[in-house]
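Q: Just one file: input.cif, with mmCIF, C-alpha atoms.
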data_coords
loop_
_atom_site.label_atom_id
_atom_site.label_comp_id
_atom_site.auth_asym_id
_atom_site.auth_seq_id
_atom_site.Cartn_x
_atom_site.Cartn_y
_atom_site.Cartn_z
CA MET A 161 38.16 6.56 42.77
CA PHE A 162 38.44 7.07 39.03
CA LEU A 163 39.08 10.67 38.08
CA LEU A 164 38.15 11.90 34.62
CA LEU A 165 40.71 13.88 32.68
CA PRO A 166 39.66 17.43 31.71
CA PHE A 167 39.26 16.43 28.04
CA ASP A 168 37.17 13.37 28.92
CA SER A 169 35.03 15.45 31.26
CA LEU A 170 34.42 17.98 28.48
CA VAL A 171 33.37 15.23 26.06
CA VAL A 172 30.94 13.76 28.62
CA ASN A 173 29.45 17.19 29.31
CA LEU A 174 29.03 17.93 25.60
CA LEU A 175 27.42 14.53 25.07
CA GLY A 176 25.01 15.11 27.93
CA ILE A 177 24.11 18.57 26.64
CA SER A 178 23.57 17.17 23.11
CA ILE A 179 21.24 14.42 24.38
CA THR A 180 19.31 16.92 26.50
CA VAL A 181 18.90 19.31 23.55
CA LEU A 182 17.84 16.42 21.27
CA PHE A 183 15.13 15.19 23.62
CA THR A 184 13.95 18.75 24.26
CA LEU A 185 13.58 19.30 20.51
CA LEU A 186 11.75 15.96 20.21
CA LEU A 187 9.37 16.92 23.00
CA VAL A 188 8.67 20.48 21.84
CA PHE A 189 8.55 20.08 18.06
CA ILE A 190 7.32 16.50 17.57
CA ILE A 191 5.78 14.75 20.57
CA VAL A 192 3.70 17.64 21.98
CA PRO A 193 2.32 18.65 18.53
CA ALA A 194 1.51 14.97 17.89
CA ILE A 195 -0.46 14.78 21.13
CA PHE A 196 -2.65 17.72 20.09
CA GLY A 197 -2.73 16.81 16.40
CA VAL A 198 -1.09 20.00 15.16
CA SER A 199 1.87 20.66 12.87
CA PHE A 200 4.35 23.51 12.58
CA GLY A 201 4.76 22.93 8.83
CA ILE A 202 8.40 21.85 9.15
CA ARG A 203 7.81 18.61 7.23
CA LYS A 204 6.22 20.43 4.29
CA VAL A 205 9.19 22.81 4.03
CA TYR A 206 11.45 19.76 4.20
CA MET A 207 9.46 18.09 1.37
CA LYS A 208 9.63 21.16 -0.89
CA THR A 209 13.38 21.43 -0.33
CA LEU A 210 13.84 17.78 -1.26
CA LEU A 211 11.80 18.23 -4.44
CA LYS A 212 14.07 21.04 -5.61
CA ILE A 213 17.16 18.91 -4.92
CA PHE A 214 15.66 15.93 -6.80
CA GLN A 215 14.82 18.12 -9.78
CA TRP A 216 18.36 19.50 -9.90
CA ALA A 217 19.90 16.01 -9.64
CA THR A 218 17.65 14.65 -12.41
CA LEU A 219 18.45 17.57 -14.73
CA ARG A 220 22.15 17.07 -14.05
CA ILE A 221 21.85 13.37 -14.93
CA GLU A 222 19.93 14.10 -18.14
CA ARG A 223 22.46 16.75 -19.19
CA GLY A 224 25.38 14.42 -18.51
CA ALA A 225 23.72 11.56 -20.38
CA LYS A 226 23.18 13.77 -23.44
CA GLU A 227 26.80 14.92 -23.39
CA LYS A 228 27.94 11.29 -23.47
CA ASN A 229 25.23 10.25 -25.95
CA HIS A 230 23.68 7.80 -23.50
CA PRO A 231 20.02 6.98 -24.26
CA LEU A 232 17.54 7.91 -21.55
CA TYR A 233 15.22 5.22 -20.29
CA LYS A 234 11.65 6.24 -19.54
CA PRO A 235 9.38 3.87 -17.60
CA TYR A 236 6.13 2.79 -19.24
CA VAL A 237 3.38 3.70 -16.84
CA ASN A 238 0.55 1.90 -18.65
CA GLY A 239 2.56 -1.02 -20.02
CA ILE A 240 4.59 -1.55 -23.17
CA ILE A 241 1.74 -3.11 -25.17
CA ALA A 242 -1.48 -1.31 -26.08
CA LYS A 243 -4.37 -3.60 -25.14
CA GLU A 244 -7.97 -3.07 -26.18
CA PRO A 245 -10.71 -4.25 -23.79
CA THR A 246 -12.30 -6.72 -26.24
CA SER A 247 -13.73 -10.20 -25.63
CA LEU A 248 -12.37 -13.54 -26.81
CA GLU A 249 -15.25 -13.99 -29.27
CA GLU A 250 -14.83 -10.53 -30.82
CA GLU A 251 -11.09 -10.96 -31.34
CA ILE A 252 -11.39 -14.42 -32.89
CA LYS A 253 -14.10 -13.17 -35.25
CA GLU A 254 -11.78 -10.32 -36.28
CA ILE A 255 -8.98 -12.82 -37.00
CA ARG A 256 -11.34 -14.98 -39.07
CA ARG A 257 -12.63 -11.95 -40.95
CA SER A 258 -9.14 -10.94 -42.03
CA GLY A 259 -7.73 -14.43 -42.61
CA SER A 260 -10.40 -16.53 -44.30
CA GLY A 261 -13.47 -16.22 -46.44
CA LYS A 262 -15.64 -18.55 -44.34
CA ALA A 263 -18.67 -17.46 -42.40
CA LEU A 264 -17.83 -15.85 -39.08
CA ASP A 265 -20.28 -18.10 -37.22
CA ALA A 266 -18.89 -21.31 -38.70
CA PRO A 267 -19.02 -24.04 -36.03
CA GLU A 268 -15.79 -25.68 -37.14
CA PHE A 269 -12.45 -25.13 -35.52
CA GLU A 270 -10.35 -22.69 -37.54
CA LEU A 271 -6.58 -23.00 -37.60
CA SER A 272 -6.35 -19.21 -37.51
CA ASP A 273 -7.93 -19.28 -34.03
CA ILE A 274 -4.56 -20.41 -32.70
CA PHE A 275 -3.12 -16.97 -33.45
CA TYR A 276 -5.36 -15.42 -30.77
CA PHE A 277 -4.00 -17.67 -28.01
CA CYS A 278 -0.41 -17.32 -29.27
CA ARG A 279 -0.68 -13.55 -29.25
CA LYS A 280 -2.17 -13.50 -25.74
CA GLY A 281 0.60 -15.76 -24.48
CA ILE A 282 3.35 -13.58 -25.97
CA GLU A 283 1.69 -10.40 -24.61
CA THR A 284 1.63 -11.93 -21.14
CA ILE A 285 5.32 -12.87 -21.34
CA MET A 286 6.34 -9.43 -22.62
CA ASP A 287 4.07 -7.36 -20.39
CA ASP A 288 2.82 -9.39 -17.42
CA GLU A 289 0.35 -7.11 -15.67
CA VAL A 290 0.45 -9.21 -12.49
CA THR A 291 4.14 -9.85 -11.75
CA LYS A 292 5.15 -6.21 -12.21
CA ARG A 293 2.69 -5.23 -9.43
CA PHE A 294 5.03 -6.87 -6.92
CA SER A 295 8.17 -4.90 -7.71
CA ALA A 296 9.16 -1.34 -6.84
CA GLU A 297 7.45 1.38 -8.88
CA GLU A 298 9.72 3.01 -11.46
CA LEU A 299 10.71 6.62 -10.81
CA GLU A 300 10.78 9.52 -13.24
CA SER A 301 13.36 11.43 -11.20
CA TRP A 302 16.28 10.36 -9.01
CA ASN A 303 15.63 10.60 -5.27
CA LEU A 304 19.28 10.17 -4.16
CA LEU A 305 18.53 6.72 -2.72
CA SER A 306 20.33 3.52 -3.66
CA ARG A 307 17.36 2.10 -5.60
CA THR A 308 17.35 3.43 -9.13
CA ASN A 309 16.42 2.45 -12.69
CA TYR A 310 18.29 2.53 -15.97
CA ASN A 311 17.63 6.23 -16.41
CA PHE A 312 19.92 7.24 -13.54
CA GLN A 313 23.27 5.68 -14.34
CA TYR A 314 25.22 8.88 -15.00
CA ILE A 315 27.31 9.90 -11.98
CA SER A 316 29.38 13.06 -11.56
CA LEU A 317 31.54 14.36 -8.69
CA ARG A 318 28.87 16.76 -7.47
CA LEU A 319 26.18 14.07 -7.59
CA THR A 320 28.42 11.67 -5.69
CA VAL A 321 29.12 14.27 -2.99
CA LEU A 322 25.41 15.08 -2.76
CA TRP A 323 24.51 11.39 -2.48
CA GLY A 324 27.15 10.88 0.24
CA LEU A 325 25.84 13.87 2.18
CA GLY A 326 22.35 12.37 1.92
CA VAL A 327 23.60 9.06 3.35
CA LEU A 328 25.09 10.88 6.35
CA ILE A 329 21.87 12.81 6.97
CA ARG A 330 19.63 9.75 6.64
CA TYR A 331 21.71 7.30 8.70
CA CYS A 332 23.42 9.57 11.24
CA PHE A 333 20.62 12.06 11.97
CA LEU A 334 17.22 10.89 10.70
CA LEU A 335 17.57 7.20 11.63
CA PRO A 336 18.42 7.74 15.36
CA LEU A 337 15.72 10.39 15.59
CA ARG A 338 13.13 8.11 14.01
CA ILE A 339 14.08 5.12 16.16
CA ALA A 340 13.69 7.28 19.27
CA LEU A 341 10.27 8.45 18.11
CA ALA A 342 9.13 4.93 17.20
CA PHE A 343 10.25 3.63 20.60
CA THR A 344 8.42 6.50 22.29
CA GLY A 345 5.20 5.91 20.34
CA ILE A 346 5.15 2.14 20.91
CA SER A 347 6.03 2.48 24.61
CA LEU A 348 3.26 5.02 25.16
CA LEU A 349 0.79 2.83 23.24
CA VAL A 350 1.51 -0.24 25.38
CA THR A 351 1.58 1.74 28.64
CA GLY A 352 -1.43 3.95 27.86
CA THR A 353 -3.74 1.18 26.62
CA THR A 354 -2.79 -1.05 29.56
CA VAL A 355 -3.67 1.70 32.07
CA VAL A 356 -6.90 2.60 30.26
CA GLY A 357 -7.83 -1.08 30.17
CA TYR A 358 -8.22 -1.13 33.97
CA LEU A 359 -10.89 1.58 33.88
CA PRO A 360 -14.58 0.57 33.97
CA ASN A 361 -16.41 0.54 30.65
CA GLY A 362 -18.03 3.87 29.83
CA ARG A 363 -17.61 7.15 28.04
CA CYS A 364 -14.50 8.09 30.02
CA LYS A 365 -12.70 4.88 29.04
CA GLU A 366 -13.76 5.25 25.39
CA PHE A 367 -12.61 8.89 25.31
CA LEU A 368 -9.21 8.13 26.84
CA SER A 369 -8.69 5.05 24.65
CA LYS A 370 -9.42 7.02 21.50
CA HIS A 371 -6.99 9.80 22.33
CA VAL A 372 -4.25 7.42 23.52
CA HIS A 373 -4.47 5.53 20.21
CA LEU A 374 -4.49 8.72 18.14
CA MET A 375 -1.59 10.25 20.07
CA CYS A 376 0.62 7.17 19.75
CA TYR A 377 -0.13 6.61 16.06
CA ARG A 378 0.64 10.26 15.31
CA ILE A 379 4.01 9.92 17.03
CA CYS A 380 4.70 6.78 14.96
CA VAL A 381 3.73 8.69 11.81
CA ARG A 382 6.32 11.31 12.66
CA ALA A 383 8.84 8.51 13.18
CA LEU A 384 8.54 7.91 9.43
CA THR A 385 8.49 11.64 8.60
CA ALA A 386 5.14 10.92 6.99
CA ILE A 387 3.47 13.80 5.18
CA ILE A 388 -0.20 12.85 4.73
CA THR A 389 -2.96 14.76 2.98
CA TYR A 390 -6.48 13.69 3.94
CA HIS A 391 -9.37 14.45 1.60
CA ASP A 392 -13.16 14.46 2.20
CA ARG A 393 -12.97 13.87 5.93
CA GLU A 394 -16.75 14.11 6.19
CA ASN A 395 -16.83 10.57 4.75
CA ARG A 396 -14.68 9.06 7.50
CA PRO A 397 -15.86 5.60 8.67
CA ARG A 398 -18.42 5.47 11.47
CA ASN A 399 -19.30 2.94 14.15
CA GLY A 400 -20.93 -0.27 12.97
CA GLY A 401 -19.30 -0.17 9.53
CA ILE A 402 -16.32 -1.65 7.72
CA CYS A 403 -13.46 0.46 6.36
CA VAL A 404 -11.77 -1.14 3.32
CA ALA A 405 -8.66 0.24 1.61
CA ASN A 406 -6.06 -0.75 -0.95
CA HIS A 407 -2.98 -2.31 0.63
CA THR A 408 0.61 -1.28 -0.06
CA SER A 409 2.40 -1.59 3.25
CA PRO A 410 1.95 -2.49 6.94
CA ILE A 411 2.20 1.24 7.64
CA ASP A 412 -1.21 1.66 5.95
CA VAL A 413 -2.64 0.94 9.39
CA ILE A 414 -0.67 3.80 10.98
CA ILE A 415 -1.55 6.16 8.12
CA LEU A 416 -5.30 5.63 8.63
CA ALA A 417 -5.31 5.21 12.42
CA SER A 418 -3.54 8.55 12.93
CA ASP A 419 -6.69 10.25 11.60
CA GLY A 420 -9.40 7.90 12.86
CA TYR A 421 -10.31 5.39 15.55
CA TYR A 422 -10.60 1.79 14.28
CA ALA A 423 -10.99 -1.76 15.52
CA MET A 424 -8.18 -3.82 14.02
CA VAL A 425 -8.59 -7.33 12.64
CA GLY A 426 -5.73 -9.79 12.48
CA GLN A 427 -3.96 -12.90 13.67
CA ILE A 428 -2.54 -13.12 17.18
CA HIS A 429 1.24 -12.87 17.15
CA GLY A 430 3.99 -13.51 19.66
CA GLY A 431 6.91 -11.36 20.70
CA LEU A 432 6.67 -7.57 20.65
CA MET A 433 3.65 -7.60 18.35
CA GLY A 434 1.84 -9.91 20.78
CA VAL A 435 2.57 -7.55 23.69
CA ILE A 436 1.13 -4.63 21.68
CA GLN A 437 -1.97 -6.63 20.69
CA ARG A 438 -2.72 -7.73 24.25
CA ALA A 439 -2.36 -4.17 25.51
CA MET A 440 -4.54 -2.68 22.76
CA VAL A 441 -7.41 -5.16 23.23
CA LYS A 442 -7.69 -4.15 26.90
CA ALA A 443 -8.66 -0.61 25.94
CA CYS A 444 -10.56 -1.24 22.71
CA PRO A 445 -12.57 -4.19 21.26
CA HIS A 446 -10.16 -5.25 18.50
CA VAL A 447 -10.80 -8.57 16.72
CA TRP A 448 -7.83 -10.93 17.05
CA PHE A 449 -7.85 -14.53 15.79
CA GLU A 450 -5.76 -17.53 16.73
CA ARG A 451 -3.67 -19.05 13.92
CA SER A 452 -6.06 -22.03 13.68
CA GLU A 453 -9.11 -19.75 13.44
CA VAL A 454 -7.92 -17.58 10.54
CA LYS A 455 -8.61 -20.26 7.92
CA ASP A 456 -12.15 -20.86 9.22
CA ARG A 457 -14.13 -18.46 6.98
CA HIS A 458 -17.40 -19.10 8.80
CA LEU A 459 -15.92 -18.33 12.21
CA VAL A 460 -14.25 -15.16 10.91
CA ALA A 461 -17.51 -14.02 9.26
CA LYS A 462 -19.44 -14.72 12.47
CA ARG A 463 -17.05 -12.69 14.63
CA LEU A 464 -17.08 -9.77 12.18
CA THR A 465 -20.88 -9.86 11.88
CA GLU A 466 -21.29 -9.76 15.66
CA HIS A 467 -18.95 -6.77 15.81
CA VAL A 468 -20.64 -4.64 13.13
CA GLN A 469 -24.14 -5.40 14.44
CA ASP A 470 -23.23 -3.53 17.62
CA LYS A 471 -23.48 0.10 16.48
CA SER A 472 -21.55 1.27 19.54
CA LYS A 473 -18.40 -0.55 18.41
CA LEU A 474 -15.71 1.00 16.24
CA PRO A 475 -15.55 0.53 12.46
CA ILE A 476 -13.43 -2.45 11.43
CA LEU A 477 -10.33 -1.74 9.32
CA ILE A 478 -9.76 -4.39 6.63
CA PHE A 479 -7.50 -4.69 3.58
CA PRO A 480 -9.44 -7.07 1.28
CA GLU A 481 -6.56 -7.65 -1.17
CA GLY A 482 -4.91 -9.81 1.47
CA THR A 483 -1.37 -8.87 0.38
CA CYS A 484 0.69 -5.79 -0.41
CA ILE A 485 0.60 -4.38 -3.96
CA ASN A 486 3.11 -1.79 -5.23
CA ASN A 487 0.56 1.06 -5.25
CA THR A 488 0.21 1.16 -9.04
CA SER A 489 -2.97 -0.92 -9.04
CA VAL A 490 -5.74 -2.50 -7.00
CA MET A 491 -6.12 -6.27 -7.27
CA MET A 492 -9.00 -8.60 -6.45
CA PHE A 493 -10.87 -7.97 -3.20
CA LYS A 494 -11.69 -11.09 -1.18
CA LYS A 495 -15.46 -11.35 -0.88
CA GLY A 496 -15.58 -12.22 2.83
CA SER A 497 -15.76 -8.60 4.02
CA PHE A 498 -18.64 -7.89 1.64
CA GLU A 499 -20.87 -10.84 2.66
CA ILE A 500 -21.58 -9.43 6.11
CA GLY A 501 -24.14 -6.87 4.97
CA ALA A 502 -22.61 -3.89 6.79
CA THR A 503 -22.05 -0.40 5.40
CA VAL A 504 -18.69 -0.23 3.64
CA TYR A 505 -16.52 2.89 3.82
CA PRO A 506 -13.97 2.78 0.96
CA VAL A 507 -10.61 4.54 1.35
CA ALA A 508 -8.03 5.11 -1.38
CA ILE A 509 -4.36 5.48 -0.42
CA LYS A 510 -1.80 6.73 -2.94
CA TYR A 511 1.90 7.04 -2.03
CA ASP A 512 4.42 9.30 -3.75
CA PRO A 513 7.48 7.10 -4.50
CA GLN A 514 9.80 10.09 -5.04
CA PHE A 515 10.65 10.33 -1.34
CA GLY A 516 10.68 6.65 -0.44
CA ASP A 517 9.11 3.42 -1.67
CA ALA A 518 6.42 2.36 0.82
CA PHE A 519 5.73 -0.99 -0.89
CA TRP A 520 6.59 -4.05 1.21
CA ASN A 521 7.79 -6.92 -0.94
CA SER A 522 7.43 -9.59 1.76
CA SER A 523 8.95 -12.21 -0.56
CA LYS A 524 12.18 -10.22 -0.70
CA TYR A 525 12.46 -8.34 2.61
CA GLY A 526 11.73 -9.32 6.18
CA MET A 527 9.87 -6.93 8.49
CA VAL A 528 13.04 -5.63 10.19
CA THR A 529 14.78 -4.98 6.86
CA TYR A 530 11.67 -3.29 5.50
CA LEU A 531 11.33 -0.99 8.51
CA LEU A 532 15.02 -0.09 8.22
CA ARG A 533 14.45 0.87 4.56
CA MET A 534 11.48 3.00 5.61
CA MET A 535 13.37 4.76 8.37
CA THR A 536 16.35 5.50 6.13
CA SER A 537 14.27 6.92 3.28
CA TRP A 538 13.71 10.65 2.98
CA ALA A 539 10.04 10.63 3.92
CA ILE A 540 6.72 8.87 3.35
CA VAL A 541 4.38 11.12 1.37
CA CYS A 542 0.85 10.01 0.56
CA SER A 543 -2.73 11.15 -0.07
CA VAL A 544 -5.79 9.54 1.52
CA TRP A 545 -9.30 9.89 0.09
CA TYR A 546 -12.37 8.99 2.13
CA LEU A 547 -15.05 7.90 -0.35
CA PRO A 548 -18.82 8.06 0.30
CA PRO A 549 -20.21 4.99 2.12
CA MET A 550 -21.47 2.14 -0.06
CA THR A 551 -24.03 -0.60 0.62
CA ARG A 552 -24.77 -3.83 -1.19
CA GLN A 553 -27.61 -3.56 -3.71
CA PRO A 554 -30.44 -6.14 -3.70
CA GLU A 555 -29.42 -7.55 -7.11
CA GLU A 556 -25.70 -7.76 -6.22
CA ASP A 557 -23.81 -10.73 -4.87
CA ALA A 558 -20.75 -10.31 -2.65
CA VAL A 559 -18.28 -10.55 -5.56
CA GLN A 560 -20.07 -7.87 -7.60
CA PHE A 561 -20.23 -5.58 -4.58
CA ALA A 562 -16.52 -6.11 -3.88
CA ASN A 563 -15.66 -5.28 -7.51
CA ARG A 564 -17.77 -2.11 -7.39
CA VAL A 565 -16.00 -0.90 -4.25
CA LYS A 566 -12.61 -1.81 -5.73
CA SER A 567 -13.35 0.12 -8.92
CA ALA A 568 -14.31 3.21 -6.90
CA ILE A 569 -11.03 3.05 -4.93
CA ALA A 570 -8.94 2.54 -8.09
CA ARG A 571 -10.67 5.43 -9.88
CA GLN A 572 -10.17 7.86 -6.99
CA GLY A 573 -6.55 6.87 -6.33
CA GLY A 574 -5.53 6.87 -10.00
CA LEU A 575 -4.71 3.15 -9.80
CA VAL A 576 -5.14 0.37 -12.36
CA ASP A 577 -8.20 -1.81 -11.63
CA LEU A 578 -7.20 -5.49 -12.00
CA LEU A 579 -9.33 -8.61 -11.56
CA TRP A 580 -6.36 -10.84 -10.71
CA ASP A 581 -5.95 -12.34 -7.23
CA GLY A 582 -3.05 -10.89 -5.25
CA GLY A 583 -2.33 -14.44 -4.08
CA LEU A 584 -0.59 -14.97 -7.44
CA LYS A 585 2.34 -13.25 -5.72
CA ARG A 586 3.24 -16.66 -4.28
CA GLU A 587 0.99 -19.15 -6.07
CA LYS A 588 0.39 -20.33 -9.61
CA VAL A 589 -2.71 -19.40 -11.59
CA LYS A 590 -5.65 -21.50 -10.47
CA ASP A 591 -6.99 -24.11 -12.88
CA ALA A 592 -10.37 -22.35 -12.68
CA PHE A 593 -8.96 -19.36 -14.62
CA LYS A 594 -7.67 -21.64 -17.38
CA GLU A 595 -10.91 -23.60 -17.52
CA GLU A 596 -12.90 -20.37 -17.80
CA GLN A 597 -11.06 -19.43 -21.02
CA GLN A 598 -11.49 -22.96 -22.37
CA LYS A 599 -15.22 -22.85 -21.65
CA LEU A 600 -15.58 -19.50 -23.41
CA TYR A 601 -13.93 -20.82 -26.57
CA SER A 602 -15.86 -24.11 -26.40
CA LYS A 603 -19.15 -22.29 -25.92
CA MET A 604 -18.44 -20.07 -28.91
CA ILE A 605 -18.05 -23.11 -31.19
CA VAL A 606 -20.46 -25.63 -29.64
CA GLY A 607 -23.09 -22.96 -28.97
CA ASN A 608 -23.09 -21.80 -32.58
CA HIS A 609 -23.25 -25.44 -33.76
CA GLU A 610 -26.29 -26.13 -31.55
CA ASP A 611 -28.02 -22.98 -32.81
CA ARG A 612 -27.52 -24.04 -36.41
CA SER A 613 -28.81 -27.57 -35.63
CA ARG A 614 -32.00 -26.14 -34.21
CA SER A 615 -32.52 -23.98 -37.29
#
Go through the file and emit its structure as structure tokens.

A:
Amino acid sequence: MFLLLPFDSLVVNLLGISITVLFTLLLVFIIVPAIFGVSFGIRKVYMKTLLKIFQWATLRIERGAKEKNHPLYKPYVNGIIAKEPTSLEEEIKEIRRSGSGKALDAPEFELSDIFYFCRKGIETIMDDEVTKRFSAEELESWNLLSRTNYNFQYISLRLTVLWGLGVLIRYCFLLPLRIALAFTGISLLVTGTTVVGYLPNGRCKEFLSKHVHLMCYRICVRALTAIITYHDRENRPRNGGICVANHTSPIDVIILASDGYYAMVGQIHGGLMGVIQRAMVKACPHVWFERSEVKDRHLVAKRLTEHVQDKSKLPILIFPEGTCINNTSVMMFKKGSFEIGATVYPVAIKYDPQFGDAFWNSSKYGMVTYLLRMMTSWAIVCSVWYLPPMTRQPEEDAVQFANRVKSAIARQGGLVDLLWDGGLKREKVKDAFKEEQQKLYSKMIVGNHEDRSRS
């Protein structure tokens, strides 16, 4: 029989006591409050403390940079080039007015017209409003994380010690705690929805399913130390409708589902995600598609229409952009969700990048790496606005309706409203966009020529 030495026995006892205390703290201060949807305010105190530390670190950097005569870099929030919202025809007429004495409606091609296209091309190269939406948002203050910009190059002994202390806290304390919470939330979600799935359909099953989902998502939110402020909760999505929101990260789903009860839409996956999907669909009518079905727009539209026509079913949660954007803008909404004819409940989500960058650059990071970055950041801080429900007007087509909803989300969230397709993240510009500009220029010349011929 192996006998432990006194020192080894002491270490084992201390380790056991530490684990017991840790799980007790998790249960009392995180899991139980998550079950009942309450908060002790610890995260807000934590956030305010971090803000003061960030402000001190930034001031120290600025002071050190001035002492060494290093220029400070400030990010351009609205771009480095001032652009006026004018049309192609107006700008070319302005060029002709200043460069030649010919009539502005002359049907001939003017050599000066080339300057318009040259200028647009150079503006796009210098300040591409699409590409920069798929990189991390620039910060105005240092958040003691590895990611930085040119403004935060000055390092002193105190800043280095502070950064090192932050690494220890994030990786040695917060990361294990968050992994334990995430494991707890996912385990309870799979177990709870599986058990609820065996109950007969009725109010009891619906009630239990709702609270199991909410409880587990709230635990997962705490696994990210997410501090969320919800606005205008009276506008929360209702049964038989579609909830649409701007898309920054996969955790958008957790952010919204921790405050509401939704039917998810997505492709069927394998592995752990597949286990979660199969468990969830037993307790709630989520809409999952096979890989071969996702590309069939008519089949997808039919399944969604059947779901929203049943007013007893949960609102569908959809992200019409189809890809993650860095939370500085809202890009083109796919029209499929707006052809169904259901009531649309817009939601605007705005993250605060000071505490951690929530944007998922799927071209650069895999899911595991991304989640590790999230769990080793300081916190995820965001605001969620529930906008009044919107319906499609008789004179609107699906594209116009989608643009109107997108504009409302961008305006509320303080985001830039862009018409570009988020698919440009991985694809080249479609020929249709180029042809549209060519047609506008051709119409300006040929149209004027035809008008003069008639006269």

Q: Show me, as a ChimeraX atom specification, the residues that have an atom within 10 Å of Asp577 (chain A) when counting all atoms listed in the file, minus same-chain residues fewer than 4 positions from it.

A: /A:488-492,563,566-571

Q: Taking all atoms listed in the file into account, name the residue in A:Asn395, A:Trp520, A:Val372, A:Arg457 that is nearest to Met550 (chain A).

A: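 So, comparing all the options, the nearest one is A:Asn395.
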
Q: In Å, how far is it from CA of Lys204 (chain A) to CA of Ile387 (chain A)?

A: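 That distance, rounded to one decimal, is 7.2 Å.
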
Q: Ranking A:Cys403, A:Gln514, A:Asp419, A:Leu432 by minimum distance to Val468 (chain A) and counting only C-alpha atoms, which one comes first?

A: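 When distances to Val468 (chain A) are compared using only C-alpha atoms, the smallest one comes from A:Cys403.
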
Q: Please compute the CA of Asp392 (chain A)-CA of Val565 (chain A) distance, one decimal, in Å.

A: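 Those two atoms sit 16.9 Å apart.
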
Q: At what distance in Å, to one decimal, does CA of Gly573 (chain A) lie from CA of Gln427 (chain A)?

A: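 Between CA of Gln427 (chain A) and CA of Gly573 (chain A) the gap is 28.2 Å.
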
Q: Fewer than 3 positions away in the same chain doesn't count, so skip those; otherwise give me all residues within 6 Å of region 473-484 of chain A, counting only C-alpha atoms, as a list in words.

A: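 These residues fall inside the cut-off: Arg398, Asn399, Gly400, Gly401, Ile402, Cys403, Val404, Ala405, His407, Thr408, Ser409, Tyr422, Ala423, Met424, Asp470, Met492, Phe493 and Lys494 of chain A.
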